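Trainee: What follows is a single structure, and I will ask about it in a moment.
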Amino acid sequence: MNWLTNFVRPKLRALVARKEAPENLWLKCPKCEQMLFMRDWEANQEVCTHCGHHMRIRPLKRLPHLFDEGKYELHPLPKVAADPLKFRDTERYDARLKKAQAKAEGSTDALVVASGLMGSRMTVIAALDFGFMGGSMGTAVGEGLVMAAEIAVARKAPLVVFSASGGARMQEGILSLMQLTRTTIAVRKVKQAGLPYIVVLTDPTTGGVSASFAMLGDIHLAEPDAIIGFAGPRVIQDTIRQELPEGFQRSEYLLEHGMVDAVVHRHKLRETLIRMITLLMDPLVVESVAAG
Ligand SMILES: [Zn+2]
């Protein structure tokens, strides 16, 4: 037995451990299946260095690439009742929520609200986090969006939303559906104050979020090849009993059909947003630069 426990087992462990290490260094692109070196991929804002496929990036990884010198202030989400319906499916909702929070590096729900300078102008960004329970919209996300709109109005700043969601948070039932109207009213406050409201649609933007604030932008940008729609293609196909066209519900298809204003590469988002906000807020400055 000694020989087995003292010699064979450590050898086997070493073999297994060695196999685990490269997995943390490399990842496979789901589109082109190339192996990507993790560090290159992160430096490339989680866009495949081989085929340009845009993978789902979490807000805290995205924000530094948007604000001037990567500096911004985070606004914690307002506190809400954690589990208003005491909901339980295979697991208790409050337990599920705690697990997601533990993995979310400080954020408490599926929305991150930040403010800072973009092109030297105060800008508020609210970014949904698909990594947090599928970016689903419950009370906390709704409250967070209302807060983002209020900050934008108070600071006379434009509001930019990055959408990424599977829809409403079913564990919160009707309270989750109520956020559709609440967020719509929040967005209207920004518009009534004469401030730009821009939406960047990212993969995937579906369900309740696409039925409310994500489709109400003054301008809609989209990341390449993102799924954008209300119901999934299979549900639609089964309902209308017709074959769906190629590229259905993808950014480029929506651009062709006038639902999206531009499809923008992740690397170009910052400069595009700055240019559009300047066009909307200081048209004279843009004109004089063009004339001069
Ligand atoms: Zn790829």
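To be explicit about the labels: the chains of the structure tokens are called A, B, and onward in the order shown, and within each one the residues are counted from 1, while ligands get numbers from 1 in the order they are shown.
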Taking only C-alpha atoms and all ligand atoms into account, report as number ranges by chain which residues have an atom no farther than 10 Å from an atom of ligand 1.

Mentor: A: 28-36, 47-55

Trainee: Those same residues - N, CA and C atoms - I'd like them written as a tab-separated table (two decimals), in the first residue's frame.

Mentor:
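Below you can see result19.tsv, which holds the result:
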```
chain	number	residue	atom	x	y	z
A	28	LYS	N	-10.85	28.43	-26.30
A	28	LYS	CA	-11.21	28.13	-27.68
A	28	LYS	C	-12.29	29.11	-28.13
A	29	CYS	N	-12.09	29.70	-29.31
A	29	CYS	CA	-13.11	30.62	-29.85
A	29	CYS	C	-14.33	29.79	-30.26
A	30	PRO	N	-15.52	30.13	-29.78
A	30	PRO	CA	-16.71	29.33	-30.12
A	30	PRO	C	-17.09	29.43	-31.60
A	31	LYS	N	-16.58	30.45	-32.27
A	31	LYS	CA	-16.95	30.66	-33.69
A	31	LYS	C	-15.99	29.92	-34.63
A	32	CYS	N	-14.68	30.21	-34.51
A	32	CYS	CA	-13.72	29.63	-35.48
A	32	CYS	C	-12.95	28.46	-34.88
A	33	GLU	N	-13.15	28.21	-33.59
A	33	GLU	CA	-12.55	27.08	-32.88
A	33	GLU	C	-11.03	27.13	-32.79
A	34	GLN	N	-10.46	28.29	-33.02
A	34	GLN	CA	-9.02	28.46	-32.85
A	34	GLN	C	-8.70	28.54	-31.36
A	35	MET	N	-7.53	28.05	-30.97
A	35	MET	CA	-7.11	28.22	-29.59
A	35	MET	C	-6.53	29.62	-29.45
A	36	LEU	N	-7.00	30.36	-28.44
A	36	LEU	CA	-6.54	31.72	-28.25
A	36	LEU	C	-5.77	31.81	-26.95
A	47	VAL	N	-12.23	39.98	-27.89
A	47	VAL	CA	-12.61	39.74	-29.28
A	47	VAL	C	-11.60	38.73	-29.81
A	48	CYS	N	-12.08	37.71	-30.54
A	48	CYS	CA	-11.17	36.67	-31.06
A	48	CYS	C	-10.09	37.32	-31.93
A	49	THR	N	-8.83	37.02	-31.63
A	49	THR	CA	-7.73	37.63	-32.38
A	49	THR	C	-7.62	37.01	-33.77
A	50	HIS	N	-8.32	35.90	-33.98
A	50	HIS	CA	-8.22	35.20	-35.25
A	50	HIS	C	-9.36	35.60	-36.21
A	51	CYS	N	-10.62	35.51	-35.75
A	51	CYS	CA	-11.75	35.75	-36.66
A	51	CYS	C	-12.57	36.99	-36.30
A	52	GLY	N	-12.23	37.66	-35.19
A	52	GLY	CA	-12.95	38.89	-34.83
A	52	GLY	C	-14.28	38.66	-34.13
A	53	HIS	N	-14.55	37.41	-33.73
A	53	HIS	CA	-15.80	37.13	-33.03
A	53	HIS	C	-15.83	37.86	-31.68
A	54	HIS	N	-16.93	38.58	-31.43
A	54	HIS	CA	-17.07	39.33	-30.17
A	54	HIS	C	-17.68	38.42	-29.10
A	55	MET	N	-16.89	38.08	-28.09
A	55	MET	CA	-17.43	37.26	-27.01
A	55	MET	C	-18.10	38.14	-25.96
```

Trainee: I'd like the contact shell of Leu221 of chain A - 9 Å cut-off, only C-alpha atoms, skipping same-chain residues fewer than 2 positions apart - returned as a PyMOL selection string.

Mentor: chain A and resi 198-202+219+223+251+260-264+269

Trainee: Save the residues we just selected, all heavy atoms, as a CSV table (one decimal), in the first residue's frame?

Mentor:
```
chain,number,residue,atom,x,y,z
A,198,ILE,N,-28.3,56.8,-25.6
A,198,ILE,CA,-27.8,55.9,-26.6
A,198,ILE,C,-27.7,54.4,-26.1
A,198,ILE,O,-27.3,54.2,-25.0
A,198,ILE,CB,-26.4,56.3,-27.1
A,198,ILE,CG1,-26.5,57.8,-27.6
A,198,ILE,CG2,-25.8,55.4,-28.1
A,198,ILE,CD1,-25.2,58.4,-28.0
A,199,VAL,N,-28.2,53.5,-27.0
A,199,VAL,CA,-28.1,52.1,-26.6
A,199,VAL,C,-27.1,51.4,-27.4
A,199,VAL,O,-27.1,51.5,-28.7
A,199,VAL,CB,-29.5,51.4,-26.7
A,199,VAL,CG1,-29.5,50.0,-26.3
A,199,VAL,CG2,-30.6,52.2,-25.9
A,200,VAL,N,-26.3,50.6,-26.8
A,200,VAL,CA,-25.4,49.7,-27.5
A,200,VAL,C,-25.9,48.3,-27.3
A,200,VAL,O,-25.8,47.7,-26.2
A,200,VAL,CB,-23.9,49.8,-27.0
A,200,VAL,CG1,-23.0,48.9,-27.9
A,200,VAL,CG2,-23.4,51.3,-27.1
A,201,LEU,N,-26.4,47.6,-28.3
A,201,LEU,CA,-27.0,46.3,-28.2
A,201,LEU,C,-25.8,45.3,-28.3
A,201,LEU,O,-25.1,45.3,-29.3
A,201,LEU,CB,-28.0,46.1,-29.3
A,201,LEU,CG,-29.2,47.1,-29.3
A,201,LEU,CD1,-29.7,47.3,-30.7
A,201,LEU,CD2,-30.2,46.7,-28.3
A,202,THR,N,-25.7,44.4,-27.3
A,202,THR,CA,-24.6,43.4,-27.4
A,202,THR,C,-25.3,42.0,-27.2
A,202,THR,O,-26.4,41.9,-26.9
A,202,THR,CB,-23.6,43.6,-26.3
A,202,THR,OG1,-24.1,43.2,-25.0
A,202,THR,CG2,-23.2,45.1,-26.1
A,219,ILE,N,-30.2,56.7,-30.5
A,219,ILE,CA,-29.4,56.0,-31.5
A,219,ILE,C,-29.1,54.6,-31.0
A,219,ILE,O,-29.0,54.4,-29.8
A,219,ILE,CB,-28.0,56.7,-31.6
A,219,ILE,CG1,-28.2,58.1,-32.2
A,219,ILE,CG2,-27.0,55.9,-32.5
A,219,ILE,CD1,-26.9,58.9,-32.3
A,223,GLU,N,-23.0,45.6,-31.5
A,223,GLU,CA,-21.8,44.9,-31.7
A,223,GLU,C,-22.0,43.9,-32.8
A,223,GLU,O,-23.1,43.4,-32.9
A,223,GLU,CB,-21.3,44.2,-30.4
A,223,GLU,CG,-20.7,45.2,-29.4
A,223,GLU,CD,-19.9,44.5,-28.3
A,223,GLU,OE1,-20.1,43.3,-28.0
A,223,GLU,OE2,-19.1,45.2,-27.7
A,251,SER,N,-27.2,41.4,-35.5
A,251,SER,CA,-27.0,42.8,-35.7
A,251,SER,C,-27.1,43.3,-37.2
A,251,SER,O,-27.7,44.2,-37.5
A,251,SER,CB,-25.6,43.2,-35.2
A,251,SER,OG,-25.4,42.7,-33.9
A,260,VAL,N,-31.4,49.0,-36.4
A,260,VAL,CA,-30.1,49.4,-35.8
A,260,VAL,C,-29.5,50.5,-36.7
A,260,VAL,O,-29.6,50.4,-37.9
A,260,VAL,CB,-29.2,48.2,-35.7
A,260,VAL,CG1,-27.8,48.5,-35.4
A,260,VAL,CG2,-29.7,47.3,-34.5
A,261,ASP,N,-28.8,51.5,-36.1
A,261,ASP,CA,-28.2,52.6,-36.9
A,261,ASP,C,-26.8,52.2,-37.4
A,261,ASP,O,-26.4,52.7,-38.4
A,261,ASP,CB,-28.2,53.9,-36.0
A,261,ASP,CG,-29.6,54.3,-35.7
A,261,ASP,OD1,-30.4,54.6,-36.6
A,261,ASP,OD2,-30.0,54.3,-34.5
A,262,ALA,N,-26.1,51.5,-36.6
A,262,ALA,CA,-24.7,51.1,-37.0
A,262,ALA,C,-24.3,49.9,-36.3
A,262,ALA,O,-24.6,49.7,-35.1
A,262,ALA,CB,-23.8,52.3,-36.8
A,263,VAL,N,-23.5,49.1,-37.0
A,263,VAL,CA,-22.8,47.9,-36.3
A,263,VAL,C,-21.4,48.4,-36.1
A,263,VAL,O,-20.7,48.7,-37.1
A,263,VAL,CB,-22.9,46.6,-37.2
A,263,VAL,CG1,-22.2,45.5,-36.5
A,263,VAL,CG2,-24.4,46.3,-37.3
A,264,VAL,N,-21.0,48.4,-34.9
A,264,VAL,CA,-19.6,48.9,-34.5
A,264,VAL,C,-18.8,47.9,-33.8
A,264,VAL,O,-19.2,47.2,-32.9
A,264,VAL,CB,-19.8,50.2,-33.6
A,264,VAL,CG1,-18.5,50.8,-33.4
A,264,VAL,CG2,-20.8,51.2,-34.2
A,269,LEU,N,-15.9,51.4,-30.4
A,269,LEU,CA,-17.1,51.9,-29.6
A,269,LEU,C,-16.9,53.3,-28.9
A,269,LEU,O,-17.7,54.2,-29.0
A,269,LEU,CB,-17.6,50.9,-28.6
A,269,LEU,CG,-18.6,49.8,-29.2
A,269,LEU,CD1,-18.9,48.8,-28.2
A,269,LEU,CD2,-19.9,50.5,-29.7
```

Trainee: Which residues come within 9 Å of Phe37 of chain A, counting only C-alpha atoms, excluding same-chain residues fewer than 4 positions away, as a list in words?

Mentor: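 Selected residues are Leu25, Trp26, Leu27, Lys28, Trp41 and Glu42 of chain A.
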
Trainee: DSSP on the backbone, strand (DSSP E or B) only: what residues of segment 10-224 of chain A does that give? Format it as a PyMOL selection string.

Mentor: chain A and resi 26-28+35-37+47+54+73-75+88+92+111-118+121-128+137+159-165+168+197-205+219-222

Trainee: Excluding Val113 of chain A and its own-chain neighbours fewer than 2 positions away, which residues fall within 7 Å of it when counting only C-alpha atoms? Please give them as a VMD selection string.

Mentor: chain A and resid 74 to 75 111 125 to 127 148

Trainee: Skipping near chain neighbours, those fewer than 4 positions away, what residues fall within 10 Å of Met133 of chain A using only C-alpha atoms, listed as a PyMOL selection string?

Mentor: chain A and resi 96-97+99-101+109-110+129+137+165-166+169

Trainee: Rank nothing, just name the residue among A:Met215, A:Ile228, A:Leu254, A:Ala157 nearest to Thr278 of chain A, using only C-alpha atoms.

Mentor: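 So, comparing all the options, the nearest one is A:Ala157.
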
Trainee: Which residues are close to Gly232 of chain A, i.e. within 9 Å by only C-alpha atoms, leaving aside same-chain residues fewer than 4 positions away? Reply as a PDB file with N, CA and C atoms, in the first residue's frame.

Mentor:
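Now in part-v8.pdb:
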```pdb
ATOM      1  N   THR A 206     -32.415  40.160 -25.476  1.00  0.00           N
ATOM      2  CA  THR A 206     -33.702  39.511 -25.772  1.00  0.00           C
ATOM      3  C   THR A 206     -34.708  39.756 -24.644  1.00  0.00           C
ATOM      4  N   GLY A 207     -35.914  39.299 -24.833  1.00  0.00           N
ATOM      5  CA  GLY A 207     -36.952  39.324 -23.799  1.00  0.00           C
ATOM      6  C   GLY A 207     -37.321  40.733 -23.352  1.00  0.00           C
ATOM      7  N   ILE A 236     -40.395  31.527 -32.750  1.00  0.00           N
ATOM      8  CA  ILE A 236     -41.032  32.255 -33.862  1.00  0.00           C
ATOM      9  C   ILE A 236     -41.321  31.287 -35.010  1.00  0.00           C
ATOM     10  N   GLN A 237     -40.316  30.470 -35.330  1.00  0.00           N
ATOM     11  CA  GLN A 237     -40.464  29.514 -36.432  1.00  0.00           C
ATOM     12  C   GLN A 237     -41.636  28.566 -36.193  1.00  0.00           C
ATOM     13  N   GLN A 249     -32.350  37.999 -36.765  1.00  0.00           N
ATOM     14  CA  GLN A 249     -32.099  38.469 -35.393  1.00  0.00           C
ATOM     15  C   GLN A 249     -30.618  38.733 -35.085  1.00  0.00           C
TER      16      GLN A 249
END
```

Trainee: Could you give me, as a PDB file with N, CA, C and O atoms, in the first residue's frame, the residues within 10 Å of Val153 of chain A, counting only C-alpha atoms and dropping anything in the same chain fewer than 4 positions from it?

Mentor:
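File written: around.pdb
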```pdb
ATOM      1  N   VAL A 124     -22.772  59.037 -18.276  1.00  0.00           N
ATOM      2  CA  VAL A 124     -23.213  57.960 -17.390  1.00  0.00           C
ATOM      3  C   VAL A 124     -23.400  56.695 -18.243  1.00  0.00           C
ATOM      4  O   VAL A 124     -24.014  56.750 -19.307  1.00  0.00           O
ATOM      5  N   MET A 147     -31.885  54.921 -11.245  1.00  0.00           N
ATOM      6  CA  MET A 147     -30.813  55.704 -10.621  1.00  0.00           C
ATOM      7  C   MET A 147     -29.874  56.283 -11.686  1.00  0.00           C
ATOM      8  O   MET A 147     -29.526  57.466 -11.640  1.00  0.00           O
ATOM      9  N   ALA A 148     -29.507  55.479 -12.679  1.00  0.00           N
ATOM     10  CA  ALA A 148     -28.605  55.938 -13.748  1.00  0.00           C
ATOM     11  C   ALA A 148     -29.224  57.127 -14.479  1.00  0.00           C
ATOM     12  O   ALA A 148     -28.541  58.112 -14.776  1.00  0.00           O
ATOM     13  N   ALA A 149     -30.527  57.038 -14.759  1.00  0.00           N
ATOM     14  CA  ALA A 149     -31.214  58.130 -15.454  1.00  0.00           C
ATOM     15  C   ALA A 149     -31.213  59.383 -14.590  1.00  0.00           C
ATOM     16  O   ALA A 149     -30.974  60.494 -15.085  1.00  0.00           O
ATOM     17  N   ALA A 157     -25.741  64.956 -18.099  1.00  0.00           N
ATOM     18  CA  ALA A 157     -24.853  64.062 -18.853  1.00  0.00           C
ATOM     19  C   ALA A 157     -25.671  63.123 -19.743  1.00  0.00           C
ATOM     20  O   ALA A 157     -26.806  62.770 -19.401  1.00  0.00           O
ATOM     21  N   PRO A 158     -25.107  62.707 -20.870  1.00  0.00           N
ATOM     22  CA  PRO A 158     -25.801  61.698 -21.681  1.00  0.00           C
ATOM     23  C   PRO A 158     -25.801  60.350 -20.974  1.00  0.00           C
ATOM     24  O   PRO A 158     -24.919  60.080 -20.154  1.00  0.00           O
ATOM     25  N   LEU A 159     -26.794  59.516 -21.301  1.00  0.00           N
ATOM     26  CA  LEU A 159     -26.858  58.171 -20.735  1.00  0.00           C
ATOM     27  C   LEU A 159     -26.609  57.149 -21.843  1.00  0.00           C
ATOM     28  O   LEU A 159     -27.255  57.191 -22.896  1.00  0.00           O
ATOM     29  N   LYS A 189     -37.298  60.397 -18.762  1.00  0.00           N
ATOM     30  CA  LYS A 189     -36.794  61.533 -17.972  1.00  0.00           C
ATOM     31  C   LYS A 189     -35.543  62.123 -18.622  1.00  0.00           C
ATOM     32  O   LYS A 189     -35.349  63.325 -18.656  1.00  0.00           O
ATOM     33  N   VAL A 190     -34.681  61.218 -19.117  1.00  0.00           N
ATOM     34  CA  VAL A 190     -33.439  61.668 -19.757  1.00  0.00           C
ATOM     35  C   VAL A 190     -33.786  62.438 -21.025  1.00  0.00           C
ATOM     36  O   VAL A 190     -33.228  63.504 -21.307  1.00  0.00           O
ATOM     37  N   LYS A 191     -34.718  61.910 -21.787  1.00  0.00           N
ATOM     38  CA  LYS A 191     -35.109  62.562 -23.048  1.00  0.00           C
ATOM     39  C   LYS A 191     -35.770  63.913 -22.789  1.00  0.00           C
ATOM     40  O   LYS A 191     -35.519  64.877 -23.505  1.00  0.00           O
ATOM     41  N   GLN A 192     -36.626  63.961 -21.734  1.00  0.00           N
ATOM     42  CA  GLN A 192     -37.311  65.223 -21.427  1.00  0.00           C
ATOM     43  C   GLN A 192     -36.322  66.301 -20.997  1.00  0.00           C
ATOM     44  O   GLN A 192     -36.568  67.487 -21.183  1.00  0.00           O
ATOM     45  N   ALA A 193     -35.190  65.873 -20.435  1.00  0.00           N
ATOM     46  CA  ALA A 193     -34.164  66.838 -20.041  1.00  0.00           C
ATOM     47  C   ALA A 193     -33.316  67.260 -21.239  1.00  0.00           C
ATOM     48  O   ALA A 193     -32.355  68.026 -21.094  1.00  0.00           O
ATOM     49  N   GLY A 194     -33.640  66.738 -22.412  1.00  0.00           N
ATOM     50  CA  GLY A 194     -32.912  67.107 -23.633  1.00  0.00           C
ATOM     51  C   GLY A 194     -31.538  66.480 -23.721  1.00  0.00           C
ATOM     52  O   GLY A 194     -30.644  67.004 -24.388  1.00  0.00           O
ATOM     53  N   LEU A 195     -31.359  65.361 -23.030  1.00  0.00           N
ATOM     54  CA  LEU A 195     -30.046  64.707 -23.027  1.00  0.00           C
ATOM     55  C   LEU A 195     -30.075  63.461 -23.912  1.00  0.00           C
ATOM     56  O   LEU A 195     -31.098  62.769 -23.982  1.00  0.00           O
TER      57      LEU A 195
END
```

Trainee: Could the residues of segment 201-277 of chain A that have an atom at most 9 Å from segment 160-164 of chain A be listed as a Markdown table, each with its closest atom pair and the distance in Å to one decimal, counting only C-alpha atoms and ordered by chain and ascending residue number?

Mentor:
```
| residue | atom | partner | partner_atom | distance |
| --- | --- | --- | --- | --- |
| A:Leu201 | CA | A:Ser163 | CA | 5.2 |
| A:Thr202 | CA | A:Ala164 | CA | 5.5 |
| A:Asp203 | CA | A:Ala164 | CA | 5.8 |
| A:Pro204 | CA | A:Ala164 | CA | 5.2 |
| A:Thr205 | CA | A:Ala164 | CA | 4.8 |
| A:Thr206 | CA | A:Ala164 | CA | 7.7 |
| A:Val209 | CA | A:Ser163 | CA | 7.6 |
| A:Ser210 | CA | A:Ser163 | CA | 8.3 |
| A:Phe213 | CA | A:Val161 | CA | 8.7 |
| A:Ala214 | CA | A:Ser163 | CA | 6.3 |
| A:Gly217 | CA | A:Val161 | CA | 8.7 |
| A:Leu273 | CA | A:Val160 | CA | 8.5 |
```

Trainee: Using DSSP on the backbone coordinates, identify all residues within segment 17-258 of chain A classified as helix (DSSP H, G or I); present the result as JSON, numbers by chain.

Mentor: {"A": [17, 18, 19, 20, 21, 22, 23, 24, 25, 38, 39, 40, 41, 42, 43, 59, 60, 61, 62, 63, 64, 65, 68, 69, 70, 93, 94, 95, 96, 97, 98, 99, 100, 101, 102, 103, 133, 134, 135, 139, 140, 141, 142, 143, 144, 145, 146, 147, 148, 149, 150, 151, 152, 153, 154, 170, 171, 172, 173, 174, 175, 176, 177, 178, 179, 180, 181, 182, 183, 184, 185, 186, 187, 188, 189, 190, 191, 192, 207, 208, 209, 210, 213, 214, 215, 233, 234, 235, 236, 237, 238, 239, 240, 251, 252, 253, 254, 255, 256]}

Trainee: Just to confirm, what's the straight-line distance from atom CA of Arg88 of chain A to atom CA of Met170 of chain A in Å (one decimal)?

Mentor: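 Atom-to-atom, atom CA of Arg88 of chain A to atom CA of Met170 of chain A, that is 10.8 Å.
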
Trainee: Quote the spacing between atom CA of Ser115 of chain A and atom CA of Tyr72 of chain A in Å to one decimal place.

Mentor: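 About the pair atom CA of Ser115 of chain A and atom CA of Tyr72 of chain A: they are 5.6 Å apart.
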
Trainee: Could you tell me how far atom CA of Arg250 of chain A lies from atom CA of Arg56 of chain A, in Å and to one decimal?

Mentor: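 That distance, rounded to one decimal, is 14.7 Å.
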